[in-house]
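The data block below is target-v3.txt; it holds compact mmCIF, C-alpha atoms.
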# COMPACT_ATOMS: atom_id res chain seq x y z
CA MET A 374 95.03 39.52 125.09
CA LYS A 375 97.87 39.15 127.58
CA LEU A 376 98.12 41.55 130.53
CA THR A 377 101.40 42.95 129.22
CA SER A 378 99.82 43.73 125.86
CA ARG A 379 96.89 45.44 127.56
CA ILE A 380 99.25 47.62 129.60
CA VAL A 381 101.22 48.60 126.50
CA LEU A 382 98.00 49.43 124.65
CA ALA A 383 96.71 51.52 127.57
CA LEU A 384 99.98 53.45 127.74
CA ALA A 385 99.91 54.05 123.99
CA LEU A 386 96.36 55.39 124.18
CA ALA A 387 97.28 57.64 127.12
CA VAL A 388 100.31 59.02 125.30
CA GLY A 389 98.22 59.55 122.17
CA ALA A 390 95.53 61.39 124.10
CA THR A 391 98.08 63.60 125.83
CA THR A 392 99.77 64.41 122.53
CA ALA A 393 96.46 65.25 120.89
CA ALA A 394 95.50 67.48 123.78
CA ALA A 395 98.82 69.29 123.55
CA GLN A 396 98.41 69.73 119.80
CA ASN A 397 94.88 71.10 120.24
CA SER A 398 95.88 73.47 123.02
CA PRO A 399 95.81 77.09 121.80
CA PRO A 400 99.15 78.88 121.93
CA ARG A 401 99.90 81.42 124.67
CA GLY A 402 101.69 83.75 122.28
CA GLY A 403 99.87 86.99 121.55
CA LYS A 404 97.53 86.75 124.55
CA TRP A 405 97.11 88.92 127.63
CA GLU A 406 96.89 87.39 131.09
CA PHE A 407 95.38 88.51 134.38
CA THR A 408 96.25 86.66 137.61
CA LEU A 409 94.88 86.63 141.15
CA GLN A 410 97.75 85.94 143.56
CA PRO A 411 97.18 84.75 147.14
CA GLN A 412 100.62 84.77 148.73
CA TYR A 413 102.28 83.44 151.86
CA THR A 414 105.33 85.37 153.04
CA HIS A 415 107.70 83.54 155.35
CA GLY A 416 108.80 85.26 158.55
CA GLN A 417 112.25 86.81 158.81
CA SER A 418 114.59 88.05 161.55
CA PHE A 419 117.05 90.91 161.21
CA ASP A 420 119.81 92.47 163.26
CA SER A 421 120.75 96.10 162.69
CA GLY A 422 123.62 96.02 165.18
CA ASN A 423 124.30 97.91 168.44
CA GLY A 424 121.84 95.65 170.28
CA SER A 425 118.79 96.38 168.13
CA SER A 426 117.04 93.56 166.29
CA GLY A 427 113.60 92.37 165.27
CA THR A 428 111.45 89.58 163.91
CA VAL A 429 108.67 89.86 161.33
CA ASN A 430 106.11 87.06 161.50
CA SER A 431 104.86 84.99 158.59
CA ALA A 432 101.69 86.35 157.01
CA LEU A 433 99.18 85.91 154.22
CA GLY A 434 98.81 88.63 151.62
CA PHE A 435 97.21 89.17 148.25
CA GLY A 436 98.06 90.61 144.88
CA PHE A 437 97.22 90.64 141.19
CA GLY A 438 99.20 90.73 137.98
CA VAL A 439 98.88 91.61 134.31
CA GLY A 440 101.13 90.27 131.56
CA TYR A 441 101.45 89.85 127.82
CA ASN A 442 102.85 86.76 126.08
CA LEU A 443 105.24 87.86 123.35
CA ASN A 444 105.34 84.21 122.29
CA ASN A 445 104.71 80.79 123.85
CA HIS A 446 107.74 81.17 126.11
CA LEU A 447 108.33 84.82 127.06
CA ASN A 448 105.87 86.87 129.12
CA LEU A 449 106.37 90.49 130.20
CA GLY A 450 104.16 92.08 132.82
CA GLY A 451 103.80 93.45 136.31
CA ASP A 452 102.48 92.57 139.77
CA PHE A 453 101.02 94.56 142.63
CA PHE A 454 101.05 92.98 146.07
CA TRP A 455 100.21 94.09 149.61
CA ASN A 456 100.78 92.46 152.96
CA SER A 457 100.53 93.16 156.71
CA ALA A 458 102.61 91.20 159.23
CA ASN A 459 103.01 91.43 162.99
CA TYR A 460 106.51 92.18 164.24
CA ASN A 461 108.40 92.61 167.49
CA ALA A 462 111.66 94.50 167.88
CA THR A 463 114.25 95.42 170.47
CA VAL A 464 115.18 99.11 170.47
CA ALA A 465 118.60 99.81 172.01
CA GLY A 466 119.47 103.09 173.68
CA ALA A 467 122.36 105.26 172.52
CA GLY A 468 124.36 108.21 173.84
CA ALA A 469 123.12 109.34 177.25
CA ASN A 470 120.50 106.59 177.02
CA ALA A 471 123.05 103.82 176.40
CA GLY A 472 122.31 100.59 178.21
CA ASN A 473 118.57 101.12 178.18
CA SER A 474 116.51 99.09 175.74
CA TYR A 475 112.84 98.30 175.27
CA ASN A 476 110.64 96.09 173.14
CA VAL A 477 108.05 97.26 170.65
CA ASN A 478 105.31 95.37 168.83
CA GLY A 479 103.37 96.44 165.81
CA VAL A 480 102.16 95.71 162.30
CA LEU A 481 104.50 96.09 159.33
CA ALA A 482 102.57 97.04 156.20
CA THR A 483 104.19 96.60 152.78
CA ASP A 484 103.07 97.32 149.21
CA THR A 485 105.13 96.17 146.24
CA ILE A 486 104.83 96.99 142.56
CA ARG A 487 107.27 95.25 140.21
CA PHE A 488 107.85 94.53 136.56
CA ASN A 489 108.49 90.89 135.66
CA ALA A 490 109.90 88.78 132.86
CA THR A 491 108.78 85.12 132.84
CA TRP A 492 110.26 82.34 130.73
CA ASN A 493 108.14 79.20 130.17
CA PHE A 494 110.41 76.32 129.21
CA SER A 495 107.75 74.49 127.19
CA ALA A 496 104.92 75.56 124.90
CA SER A 497 102.76 72.67 126.14
CA ASP A 498 99.94 72.81 128.69
CA PHE A 499 102.23 71.87 131.58
CA THR A 500 105.55 73.65 131.91
CA PRO A 501 108.14 74.75 134.47
CA PHE A 502 109.13 78.41 134.38
CA VAL A 503 111.49 80.95 135.89
CA MET A 504 110.87 84.62 136.51
CA GLY A 505 112.69 87.75 137.61
CA GLY A 506 111.50 91.21 138.51
CA ILE A 507 112.43 94.67 139.77
CA GLY A 508 110.28 97.33 141.36
CA SER A 509 109.55 99.39 144.45
CA THR A 510 108.39 98.34 147.92
CA TYR A 511 106.67 100.74 150.31
CA VAL A 512 107.27 99.84 153.97
CA ASP A 513 105.27 101.39 156.80
CA SER A 514 106.44 100.40 160.29
CA ASN A 515 103.42 102.08 161.95
CA ILE A 516 105.88 103.53 164.48
CA PRO A 517 104.92 107.17 165.21
CA ASN A 518 107.61 109.61 164.05
CA GLY A 519 105.85 112.86 164.89
CA PRO A 520 103.14 114.47 167.03
CA THR A 521 99.45 113.88 166.44
CA THR A 522 98.20 116.35 163.86
CA PRO A 523 94.59 117.57 163.58
CA VAL A 524 93.12 117.25 160.11
CA CYS A 525 89.75 118.33 158.68
CA TRP A 526 87.93 117.46 155.49
CA TYR A 527 84.51 117.57 153.80
CA ASP A 528 82.92 114.13 153.77
CA PRO A 529 80.34 113.51 150.99
CA TRP A 530 77.94 111.99 153.55
CA TYR A 531 78.66 113.76 156.85
CA GLY A 532 79.88 117.13 155.66
CA TYR A 533 82.65 118.98 157.52
CA TYR A 534 84.60 116.66 159.83
CA CYS A 535 87.78 116.95 161.90
CA GLY A 536 89.94 114.20 163.35
CA SER A 537 93.55 113.42 164.14
CA TYR A 538 96.40 111.88 162.15
CA VAL A 539 99.56 110.28 163.56
CA PRO A 540 102.49 110.25 161.07
CA THR A 541 104.45 107.00 161.05
CA LYS A 542 107.90 105.96 159.87
CA ALA A 543 107.56 104.85 156.25
CA ALA A 544 109.67 104.85 153.10
CA TYR A 545 110.01 103.46 149.56
CA PHE A 546 112.83 101.02 148.75
CA VAL A 547 114.11 99.39 145.58
CA SER A 548 113.25 95.68 145.48
CA TYR A 549 114.00 92.84 143.10
CA SER A 550 113.03 89.20 142.92
CA ALA A 551 113.69 85.80 141.35
CA GLY A 552 111.43 82.77 141.32
CA ALA A 553 110.62 79.39 139.79
CA GLY A 554 107.48 77.34 139.51
CA LEU A 555 105.08 75.20 137.49
CA ARG A 556 102.24 76.23 135.19
CA TRP A 557 99.22 74.24 134.01
CA GLU A 558 96.81 75.34 131.29
CA VAL A 559 93.43 74.12 132.57
CA ASP A 560 91.59 75.07 129.37
CA ARG A 561 91.63 77.73 126.66
CA ASN A 562 91.06 80.60 129.11
CA ILE A 563 92.18 79.50 132.60
CA PHE A 564 95.57 78.48 133.97
CA LEU A 565 97.09 77.74 137.38
CA ARG A 566 100.60 78.48 138.66
CA ALA A 567 102.54 77.52 141.76
CA VAL A 568 105.66 79.61 142.32
CA ALA A 569 108.31 80.20 144.99
CA ILE A 570 109.90 83.68 145.00
CA ARG A 571 112.74 85.31 146.88
CA GLN A 572 112.47 89.09 147.12
CA TRP A 573 115.35 91.35 148.15
CA ILE A 574 114.78 94.87 149.51
CA ASP A 575 117.52 97.51 149.62
CA GLY A 576 116.62 98.70 153.11
CA PRO A 577 118.00 101.60 155.16
CA SER A 578 121.72 101.69 155.91
CA ALA A 579 121.29 100.22 159.41
CA VAL A 580 119.70 97.06 158.00
CA GLY A 581 121.12 96.85 154.47
CA THR A 582 119.67 94.42 151.95
CA VAL A 583 117.13 92.01 153.44
CA PHE A 584 115.16 89.23 151.76
CA THR A 585 111.86 87.44 152.19
CA ASP A 586 110.67 84.12 150.77
CA GLN A 587 107.22 84.15 149.19
CA TYR A 588 105.01 81.28 148.02
CA ARG A 589 102.13 81.90 145.63
CA PHE A 590 99.32 79.95 144.03
CA ASP A 591 98.03 81.95 141.06
CA VAL A 592 94.71 81.66 139.29
CA GLY A 593 95.05 83.15 135.82
CA PHE A 594 92.80 84.15 132.93
CA LYS A 595 93.87 84.52 129.30
CA PHE A 596 92.20 86.84 126.81
Please express what this file holds, its structure, as structure tokens.
Amino acid sequence: MKLTSRIVLALALAVGATTAAAQNSPPRGGKWEFTLQPQYTHGQSFDSGNGSSGTVNSALGFGFGVGYNLNNHLNLGGDFFWNSANYNATVAGAGANAGNSYNVNGVLATDTIRFNATWNFSASDFTPFVMGGIGSTYVDSNIPNGPTTPVCWYDPWYGYYCGSYVPTKAAYFVSYSAGAGLRWEVDRNIFLRAVAIRQWIDGPSAVGTVFTDQYRFDVGFKF
């Protein structure tokens, strides 16, 4: 058999095997999914004007998601994600304190819960997809915004205990996102996804709408 014929035969067998695997793959439609979501959030700088600005460093976070496949293409569900990132900021003085500025460093803690719609372009084991979501993001700057307050409670192990609590500047903001990625069905119960997401947050008036770029590698389970 000539080399060309052998190559053609090998390609035909490969295509046949791939087709058979795709035909034997169970459909996604009608199944629930649970995903573990390690996530890398790219750093971002912002400028709120009047000499004040800041930079939030890149950081690793983690989340999980639950979704239901209405059919082989459309999935509806939700994600919960939390992240902590170091930041540094320049605080500018105003009024009688104009001209004086100082730098602050801290840890910005965020929690996001959002509802997603995902569209898989193909019903096969390997497919590109797009997704969009809307939800709420809780942002805690860990900047004190009040005096230290004594608090007491009854601990189940140590009994009556008193300590101190420092309130910090924190708030909830509306957030929304859009992303695209690739999905691979490893077997009947496990799948992998790689996805890039841009999330927008409707921040306070001084900052306005800001965005972050997120990169995830999901490990999913179907049931």
For Gly416 in chain A, which of A:Asp591, A:Asp513, A:Asp560, A:Asp586 is the closest residue, counting all atoms listed in the file?
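Of the candidates, the smallest distance to Gly416 in chain A is held by A:Asp586.
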Using only C-alpha atoms: which of A:Tyr549, A:Phe419, A:Phe596, A:Trp492 has the shortest distance to Asn448 in chain A:
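Closest residue, counting only C-alpha atoms: A:Trp492.
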Of A:Phe494, A:Phe499, A:Phe594, A:Tyr460, the one sitting nearest Glu406 in chain A when using only C-alpha atoms is A:Phe594
Excluding range 486-490 of chain A and any residue of its chain fewer than 2 positions from it, enumerate the residues within 9 Å of it, using only C-alpha atoms, and give them as a list in words.
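The neighbour list is Gly440, Leu447, Asn448, Leu449, Gly450, Gly451, Asp452, Phe453, Phe454, Trp455, Asp484, Trp492, Val503, Met504, Gly505, Gly506, Ile507, Gly508, Ser509, Thr510, Tyr511, Ser548, Tyr549 and Ser550 of chain A.
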Between A:Gly402, A:Gly581, A:Gly427, A:Gly576, which is the closest to Lys595 in chain A once you count all atoms listed in the file?
A:Gly402
Could you check the closest approach to Asn473 in chain A for each of A:Ser425, A:Phe435, A:Pro411, A:Ser514 and tell me which residue wins, using all atoms listed in the file?
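Residue with the minimum atom-to-atom distance to Asn473 in chain A: A:Ser425.
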Find, counting only C-alpha atoms, the residue in A:Trp573, A:Tyr533, A:Tyr441, A:Phe407 that gets nearest to Val547 in chain A.
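Comparing A:Trp573, A:Tyr533, A:Tyr441, A:Phe407 against Val547 in chain A, the winner is A:Trp573.
For the pair CA of Val477 in chain A and CA of Tyr413 in chain A, the separation is 24.0 Å.
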Please, what distance in Å, to one decimal, runs between CA of Gly434 in chain A and CA of Trp557 in chain A?
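Interatomic distance here is 22.7 Å.
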Between CA of Pro577 in chain A and CA of Thr463 in chain A - distance in Å to one decimal
16.9 Å
Contacts of Thr414 in chain A at 6 Å or less, counting all atoms listed in the file, minus same-chain residues fewer than 3 places along, as a list of chain:residue names?
A:Ser431, A:Ala432, A:Asp586, A:Gln587
Near-range 568-571 of chain A list (6 Å; all atoms listed in the file; drop same-chain fewer than 5 positions) as JSON, numbers by chain
{"A": [550, 551, 552, 553, 554, 585, 586, 587, 588, 589]}
